[in-house]
Amino acid sequence: MSFMVDDLKSVACSTIDRCATELNAIGRAIWNSPEIGNEEREAHRILTSFFKANGFDDVDEQFVLDTAFRAKGGRGEGPNVAIICEYDALPDIGHACGHNLIAQAGAAAGIAVKAVLDKNPHLNARLTILGTPAEESSGGKIDLIKAGVFDDVDAAMMVHPNSFSSTTADFLSIHELLVTFTGKAAHAAAFPWEGVNALDAAVTAYNGLSMLRQQMKPTWRAHGIFTEGGIRPNIIPHRSQLNFYLRAPNDKELDVLIKKSINVFEASARAHGCTVKIEDISHFSNLLRNSTLMGSYAVNAKSIGMEMDIKDGSKPAGSTDMGNVSYSTPSMHPMFSIGNAAKHTRAFAGLANTEHAYERTLIAAKAMAMTAIDVLTNSTMRDSVKADFKAQLDEARA
Ligand SMILES: [Zn+2]
Ligand SMILES: [Zn+2]
């Protein structure tokens with residue numbers, strides 16, 4: 001059995017090696033035309049044409065969202081692995097999160113697993129490639145989850161470039177709020193007592209959140225900006241707005257922080273006689289860890305020379321909509337090192353367009369493809385993936 005699996009894995013790896021030039025060109029082309037969330041038309045075109053040109057007959061180009069897609073391979077009703085491509089960039093600083101490489105890795109692992117399934121018609125197994133837009137903003141994966149895309153997926157996986165290699169990282173739950181205070185305008189010198197100052201309410205709220213920090217756990221985060229604060233100094237501001245991100249290690253703790261913050265916003269409005277509207281903009285869950293998937297990835301990566309720098313995954317990370325996926329189906333989101341720079345900087349954007357990064361991407365893609373093969377061919381492993389998933393969900397919801 002294991003000899004056969006090793007054969008399948010070497011087919012996957014040699015497929016990636018054979019197509020390396022074309023795969024690197026995908027990473028480079030997407031890097032060269034950075035597009036922000038939900039506007040990734042060029043990246044969407046590059047990827048969907050690639051999959052169609054590489055034997056995927058079933059490519060759904062208008063899938064749930066304008067710039068999302070789904071490509072299917074394999075056959076039957078057997079196990080199904082989803083490989084995820086992200087491809088959105090950041091405003092101004094381009095591919096500073098390296099999502100061009102995530103797309104390249106998804107393309108590489110996609111054709112690798114497909115080659116294995118095509119060469120082994122006796123394997124009753126399925127492959128689903130998903131193009132998921134807007135990870136840096138609205139979180140396209142949330143729309144795909146709502147559409148039921150992950151309902152018959154046994155494992156969902158993607159790889160993300162970083163300054164270290166690890167099977168996971170500490171991805172936090174995040175909740176984004178838009179808080180609008182409304183007061184009453186008045187001449188700021190002639191009769192200021194007629195006014196109700198919405199900026200004062202926002203300042204009180206901002207300071208209130210800052211004071212609340214003393215009572216926050218060290219792992220919680222609250223960070224906000226003023227998006228509106230009045231028009232001119234001689235008009236008492238009748239409207240102000242705060243945009244806040246609240247984060248915690250999991251949804252349960254985040255709920256506590258959200259409630260405490262809402263108290264501060266409401267009390268600040270009341271203190272200044274304003275009204276307040278609190279809008280929920282988005283919610284990403286923390287990333288649940290599936291130790292079976294992570295273990296398989298680490299072993300596969302090691303077999304082709306990629307060691308994990310961080311063994312326990314305890315490295316601070318931001319938040320990702322892959323967290324939401326990890327609550328609906330067993331998931332993994334390993335990091336692979338492309339050099340020494342922090343994500344979301346111009347320096348990282350520079351690293352994401354180097355020969356070294358493209359090479360590392362293909363190694364991570366091979367490890368991901370081999371992990372997909374493990375899932376598709378090993379029912380004992382699938383049981384263990386499922387058991388891990390259930391245990392993590394139970395713990396998160398307890
Ligand atoms: Zn990012
Ligand atoms: Zn990212």
# chains A, B, ... in the order shown; residues from 1 in each chain; ligands from 1

$ select_by_dssp --residues "segment 19-170 of chain A" --states "helix (DSSP H, G or I)" --output "ChimeraX atom specification"
/A:20-32,41-53,99-119,140-146

$ residues_around --residues "Asn378 of chain A" --least-positions-apart "3" --cutoff "10 Å" --atoms "only C-alpha atoms" --output "ChimeraX atom specification"
/A:1-2,5,79,373-375,381-383

$ residues_around --residues "segment 313-318 of chain A" --least-positions-apart "5" --cutoff "6 Å" --atoms "only C-alpha atoms" --output "PyMOL selection string"
chain A and resi 166+168-171

$ residues_near_ligand --ligand "ligand 2" --cutoff "7 Å" --atoms "only C-alpha atoms and all ligand atoms" --output "PyMOL selection string"
chain A and resi 97-99+135-136+160

$ residues_around --residues "segment 191-203 of chain A" --least-positions-apart "4" --cutoff "6 Å" --atoms "only C-alpha atoms" --output "PyMOL selection string"
chain A and resi 181-187+229+236-240+268-269+272

$ closest_residue --among "A:Thr227, A:Asn353, A:Asn162, A:Ser261" --to "ligand 1" --atoms "only C-alpha atoms and all ligand atoms"
A:Asn162

$ closest_atom_pairs --of "chain A" --to "ligand 1" --cutoff "12 Å" --atoms "only C-alpha atoms and all ligand atoms" --output "JSON lines"
{"residue": "A:Ile36", "atom": "CA", "partner": "ligand 1", "partner_atom_place_in_ligand_line": "1 (Zn)", "distance": 11.4}
{"residue": "A:Gly37", "atom": "CA", "partner": "ligand 1", "partner_atom_place_in_ligand_line": "1 (Zn)", "distance": 11.3}
{"residue": "A:Glu86", "atom": "CA", "partner": "ligand 1", "partner_atom_place_in_ligand_line": "1 (Zn)", "distance": 10.4}
{"residue": "A:Tyr87", "atom": "CA", "partner": "ligand 1", "partner_atom_place_in_ligand_line": "1 (Zn)", "distance": 10.7}
{"residue": "A:Asp88", "atom": "CA", "partner": "ligand 1", "partner_atom_place_in_ligand_line": "1 (Zn)", "distance": 9.1}
{"residue": "A:Ala89", "atom": "CA", "partner": "ligand 1", "partner_atom_place_in_ligand_line": "1 (Zn)", "distance": 8.2}
{"residue": "A:Leu90", "atom": "CA", "partner": "ligand 1", "partner_atom_place_in_ligand_line": "1 (Zn)", "distance": 7.6}
{"residue": "A:Pro91", "atom": "CA", "partner": "ligand 1", "partner_atom_place_in_ligand_line": "1 (Zn)", "distance": 11.1}
{"residue": "A:Ile93", "atom": "CA", "partner": "ligand 1", "partner_atom_place_in_ligand_line": "1 (Zn)", "distance": 11.2}
{"residue": "A:Gly94", "atom": "CA", "partner": "ligand 1", "partner_atom_place_in_ligand_line": "1 (Zn)", "distance": 10.7}
{"residue": "A:His95", "atom": "CA", "partner": "ligand 1", "partner_atom_place_in_ligand_line": "1 (Zn)", "distance": 8.9}
{"residue": "A:Ala96", "atom": "CA", "partner": "ligand 1", "partner_atom_place_in_ligand_line": "1 (Zn)", "distance": 7.3}
{"residue": "A:Cys97", "atom": "CA", "partner": "ligand 1", "partner_atom_place_in_ligand_line": "1 (Zn)", "distance": 4.5}
{"residue": "A:Gly98", "atom": "CA", "partner": "ligand 1", "partner_atom_place_in_ligand_line": "1 (Zn)", "distance": 7.9}
{"residue": "A:His99", "atom": "CA", "partner": "ligand 1", "partner_atom_place_in_ligand_line": "1 (Zn)", "distance": 8.0}
{"residue": "A:Asn100", "atom": "CA", "partner": "ligand 1", "partner_atom_place_in_ligand_line": "1 (Zn)", "distance": 11.6}
{"residue": "A:Ile102", "atom": "CA", "partner": "ligand 1", "partner_atom_place_in_ligand_line": "1 (Zn)", "distance": 11.4}
{"residue": "A:Ala134", "atom": "CA", "partner": "ligand 1", "partner_atom_place_in_ligand_line": "1 (Zn)", "distance": 10.1}
{"residue": "A:Glu135", "atom": "CA", "partner": "ligand 1", "partner_atom_place_in_ligand_line": "1 (Zn)", "distance": 7.5}
{"residue": "A:Glu136", "atom": "CA", "partner": "ligand 1", "partner_atom_place_in_ligand_line": "1 (Zn)", "distance": 5.7}
{"residue": "A:Ser137", "atom": "CA", "partner": "ligand 1", "partner_atom_place_in_ligand_line": "1 (Zn)", "distance": 9.3}
{"residue": "A:Gly139", "atom": "CA", "partner": "ligand 1", "partner_atom_place_in_ligand_line": "1 (Zn)", "distance": 11.4}
{"residue": "A:His160", "atom": "CA", "partner": "ligand 1", "partner_atom_place_in_ligand_line": "1 (Zn)", "distance": 9.5}
{"residue": "A:Pro161", "atom": "CA", "partner": "ligand 1", "partner_atom_place_in_ligand_line": "1 (Zn)", "distance": 10.0}
{"residue": "A:Asn162", "atom": "CA", "partner": "ligand 1", "partner_atom_place_in_ligand_line": "1 (Zn)", "distance": 10.0}
{"residue": "A:Phe171", "atom": "CA", "partner": "ligand 1", "partner_atom_place_in_ligand_line": "1 (Zn)", "distance": 11.4}
{"residue": "A:Ala317", "atom": "CA", "partner": "ligand 1", "partner_atom_place_in_ligand_line": "1 (Zn)", "distance": 9.4}
{"residue": "A:Gly318", "atom": "CA", "partner": "ligand 1", "partner_atom_place_in_ligand_line": "1 (Zn)", "distance": 7.6}
{"residue": "A:Ser319", "atom": "CA", "partner": "ligand 1", "partner_atom_place_in_ligand_line": "1 (Zn)", "distance": 8.2}
{"residue": "A:Thr320", "atom": "CA", "partner": "ligand 1", "partner_atom_place_in_ligand_line": "1 (Zn)", "distance": 7.9}
{"residue": "A:Asp321", "atom": "CA", "partner": "ligand 1", "partner_atom_place_in_ligand_line": "1 (Zn)", "distance": 10.7}
{"residue": "A:Met322", "atom": "CA", "partner": "ligand 1", "partner_atom_place_in_ligand_line": "1 (Zn)", "distance": 11.8}
{"residue": "A:Ala342", "atom": "CA", "partner": "ligand 1", "partner_atom_place_in_ligand_line": "1 (Zn)", "distance": 10.4}
{"residue": "A:Lys343", "atom": "CA", "partner": "ligand 1", "partner_atom_place_in_ligand_line": "1 (Zn)", "distance": 6.7}
{"residue": "A:His344", "atom": "CA", "partner": "ligand 1", "partner_atom_place_in_ligand_line": "1 (Zn)", "distance": 6.1}
{"residue": "A:Thr345", "atom": "CA", "partner": "ligand 1", "partner_atom_place_in_ligand_line": "1 (Zn)", "distance": 9.8}
{"residue": "A:Phe348", "atom": "CA", "partner": "ligand 1", "partner_atom_place_in_ligand_line": "1 (Zn)", "distance": 10.7}
{"residue": "A:Ala349", "atom": "CA", "partner": "ligand 1", "partner_atom_place_in_ligand_line": "1 (Zn)", "distance": 10.9}

$ select_by_dssp --residues "segment 91-299 of chain A" --states "strand (DSSP E)" --output "ChimeraX atom specification"
/A:126-131,155-157,160-162,173-182,221-228,239-248,275-284

$ residues_around --residues "Arg289 of chain A" --least-positions-apart "6" --cutoff "8 Å" --atoms "only C-alpha atoms" --output "PyMOL selection string"
chain A and resi 168+326+331-332+389+392

$ closest_residue --among "A:Ala155, A:Cys274, A:Ala189, A:Ser163" --to "Ile338 of chain A" --atoms "only C-alpha atoms"
A:Ser163

$ residues_around --residues "segment 114-123 of chain A" --least-positions-apart "5" --cutoff "7 Å" --atoms "only C-alpha atoms" --output "number ranges by chain"
A: 8, 11-12, 73-74

$ write_last_selection --atoms "N, CA and C atoms" --output "PDB file, in the first residue's frame"
ATOM      1  N   LEU A   8       2.259   7.328  -6.261  1.00  0.00           N
ATOM      2  CA  LEU A   8       1.311   8.407  -6.586  1.00  0.00           C
ATOM      3  C   LEU A   8       1.946   9.756  -6.266  1.00  0.00           C
ATOM      4  N   VAL A  11       4.393  10.803  -8.875  1.00  0.00           N
ATOM      5  CA  VAL A  11       3.704  11.327 -10.070  1.00  0.00           C
ATOM      6  C   VAL A  11       3.324  12.795  -9.840  1.00  0.00           C
ATOM      7  N   ALA A  12       2.810  13.088  -8.649  1.00  0.00           N
ATOM      8  CA  ALA A  12       2.406  14.467  -8.322  1.00  0.00           C
ATOM      9  C   ALA A  12       3.601  15.411  -8.411  1.00  0.00           C
ATOM     10  N   GLY A  73     -12.101  17.835 -10.481  1.00  0.00           N
ATOM     11  CA  GLY A  73     -11.443  16.695 -11.100  1.00  0.00           C
ATOM     12  C   GLY A  73     -11.851  15.420 -10.374  1.00  0.00           C
ATOM     13  N   GLY A  74     -11.384  14.289 -10.882  1.00  0.00           N
ATOM     14  CA  GLY A  74     -11.686  13.004 -10.244  1.00  0.00           C
ATOM     15  C   GLY A  74     -13.045  12.482 -10.643  1.00  0.00           C
TER      16      GLY A  74
END

$ closest_residue --among "A:Ala347, A:Met368, A:Leu242, A:Ile129" --to "Tyr206 of chain A" --atoms "only C-alpha atoms"
A:Leu242

$ atom_distance --atom1 "atom CA of Arg247 of chain A" --atom2 "atom CA of Phe226 of chain A"
18.2 Å

$ residues_around --residues "Leu65 of chain A" --least-positions-apart "5" --cutoff "10 Å" --atoms "only C-alpha atoms" --output "PyMOL selection string"
chain A and resi 38+131-133+140-141+143-144

$ decode --residues "segment 177-240 of chain A" --atoms "C-alpha atoms" --output "PDB file, in the first residue's frame"
ATOM      1  CA  LEU A 177     -17.446  47.161  13.519  1.00  0.00           C
ATOM      2  CA  LEU A 178     -18.446  50.479  12.009  1.00  0.00           C
ATOM      3  CA  VAL A 179     -19.668  52.850  14.718  1.00  0.00           C
ATOM      4  CA  THR A 180     -21.492  56.019  13.658  1.00  0.00           C
ATOM      5  CA  PHE A 181     -22.399  58.747  16.174  1.00  0.00           C
ATOM      6  CA  THR A 182     -25.024  61.336  15.252  1.00  0.00           C
ATOM      7  CA  GLY A 183     -25.430  64.651  17.063  1.00  0.00           C
ATOM      8  CA  LYS A 184     -26.495  68.129  15.982  1.00  0.00           C
ATOM      9  CA  ALA A 185     -24.546  70.804  14.100  1.00  0.00           C
ATOM     10  CA  ALA A 186     -24.302  74.363  15.445  1.00  0.00           C
ATOM     11  CA  HIS A 187     -22.058  77.427  15.064  1.00  0.00           C
ATOM     12  CA  ALA A 188     -19.024  76.548  17.153  1.00  0.00           C
ATOM     13  CA  ALA A 189     -18.464  80.134  18.395  1.00  0.00           C
ATOM     14  CA  ALA A 190     -21.801  81.954  18.180  1.00  0.00           C
ATOM     15  CA  PHE A 191     -24.060  79.396  19.910  1.00  0.00           C
ATOM     16  CA  PRO A 192     -22.127  76.164  20.576  1.00  0.00           C
ATOM     17  CA  TRP A 193     -24.601  75.252  23.351  1.00  0.00           C
ATOM     18  CA  GLU A 194     -27.144  74.500  20.612  1.00  0.00           C
ATOM     19  CA  GLY A 195     -24.936  71.699  19.264  1.00  0.00           C
ATOM     20  CA  VAL A 196     -24.579  68.014  20.106  1.00  0.00           C
ATOM     21  CA  ASN A 197     -20.981  67.052  19.397  1.00  0.00           C
ATOM     22  CA  ALA A 198     -20.662  63.676  17.682  1.00  0.00           C
ATOM     23  CA  LEU A 199     -16.856  63.935  17.591  1.00  0.00           C
ATOM     24  CA  ASP A 200     -16.803  64.158  21.401  1.00  0.00           C
ATOM     25  CA  ALA A 201     -18.741  60.897  21.570  1.00  0.00           C
ATOM     26  CA  ALA A 202     -16.225  59.231  19.219  1.00  0.00           C
ATOM     27  CA  VAL A 203     -13.260  60.562  21.233  1.00  0.00           C
ATOM     28  CA  THR A 204     -14.840  59.347  24.480  1.00  0.00           C
ATOM     29  CA  ALA A 205     -15.419  55.948  22.870  1.00  0.00           C
ATOM     30  CA  TYR A 206     -11.846  55.742  21.568  1.00  0.00           C
ATOM     31  CA  ASN A 207     -10.500  56.637  25.024  1.00  0.00           C
ATOM     32  CA  GLY A 208     -12.956  54.240  26.656  1.00  0.00           C
ATOM     33  CA  LEU A 209     -11.664  51.367  24.514  1.00  0.00           C
ATOM     34  CA  SER A 210      -8.102  52.386  25.417  1.00  0.00           C
ATOM     35  CA  MET A 211      -8.947  52.221  29.135  1.00  0.00           C
ATOM     36  CA  LEU A 212     -10.713  48.910  28.664  1.00  0.00           C
ATOM     37  CA  ARG A 213      -7.353  47.480  27.508  1.00  0.00           C
ATOM     38  CA  GLN A 214      -6.219  47.162  31.134  1.00  0.00           C
ATOM     39  CA  GLN A 215      -8.924  44.554  31.639  1.00  0.00           C
ATOM     40  CA  MET A 216      -8.292  42.764  28.363  1.00  0.00           C
ATOM     41  CA  LYS A 217      -6.424  39.467  28.156  1.00  0.00           C
ATOM     42  CA  PRO A 218      -2.924  39.847  26.678  1.00  0.00           C
ATOM     43  CA  THR A 219      -4.122  37.878  23.649  1.00  0.00           C
ATOM     44  CA  TRP A 220      -6.990  40.270  22.853  1.00  0.00           C
ATOM     45  CA  ARG A 221      -6.653  43.117  20.373  1.00  0.00           C
ATOM     46  CA  ALA A 222      -8.715  46.267  19.826  1.00  0.00           C
ATOM     47  CA  HIS A 223      -7.547  48.679  17.155  1.00  0.00           C
ATOM     48  CA  GLY A 224      -9.532  51.410  15.501  1.00  0.00           C
ATOM     49  CA  ILE A 225      -9.373  54.582  13.443  1.00  0.00           C
ATOM     50  CA  PHE A 226     -11.495  57.687  13.024  1.00  0.00           C
ATOM     51  CA  THR A 227     -13.052  57.629   9.568  1.00  0.00           C
ATOM     52  CA  GLU A 228     -15.186  60.752  10.096  1.00  0.00           C
ATOM     53  CA  GLY A 229     -14.627  63.517  12.611  1.00  0.00           C
ATOM     54  CA  GLY A 230     -16.441  66.607  11.435  1.00  0.00           C
ATOM     55  CA  ILE A 231     -16.237  68.973   8.497  1.00  0.00           C
ATOM     56  CA  ARG A 232     -14.790  72.291   9.742  1.00  0.00           C
ATOM     57  CA  PRO A 233     -13.721  73.589  13.150  1.00  0.00           C
ATOM     58  CA  ASN A 234     -16.450  76.257  13.111  1.00  0.00           C
ATOM     59  CA  ILE A 235     -19.214  73.647  12.899  1.00  0.00           C
ATOM     60  CA  ILE A 236     -19.985  71.441  15.884  1.00  0.00           C
ATOM     61  CA  PRO A 237     -19.605  67.974  14.267  1.00  0.00           C
ATOM     62  CA  HIS A 238     -23.024  66.393  13.827  1.00  0.00           C
ATOM     63  CA  ARG A 239     -21.579  63.079  12.632  1.00  0.00           C
ATOM     64  CA  SER A 240     -18.535  60.988  13.445  1.00  0.00           C
TER      65      SER A 240
END
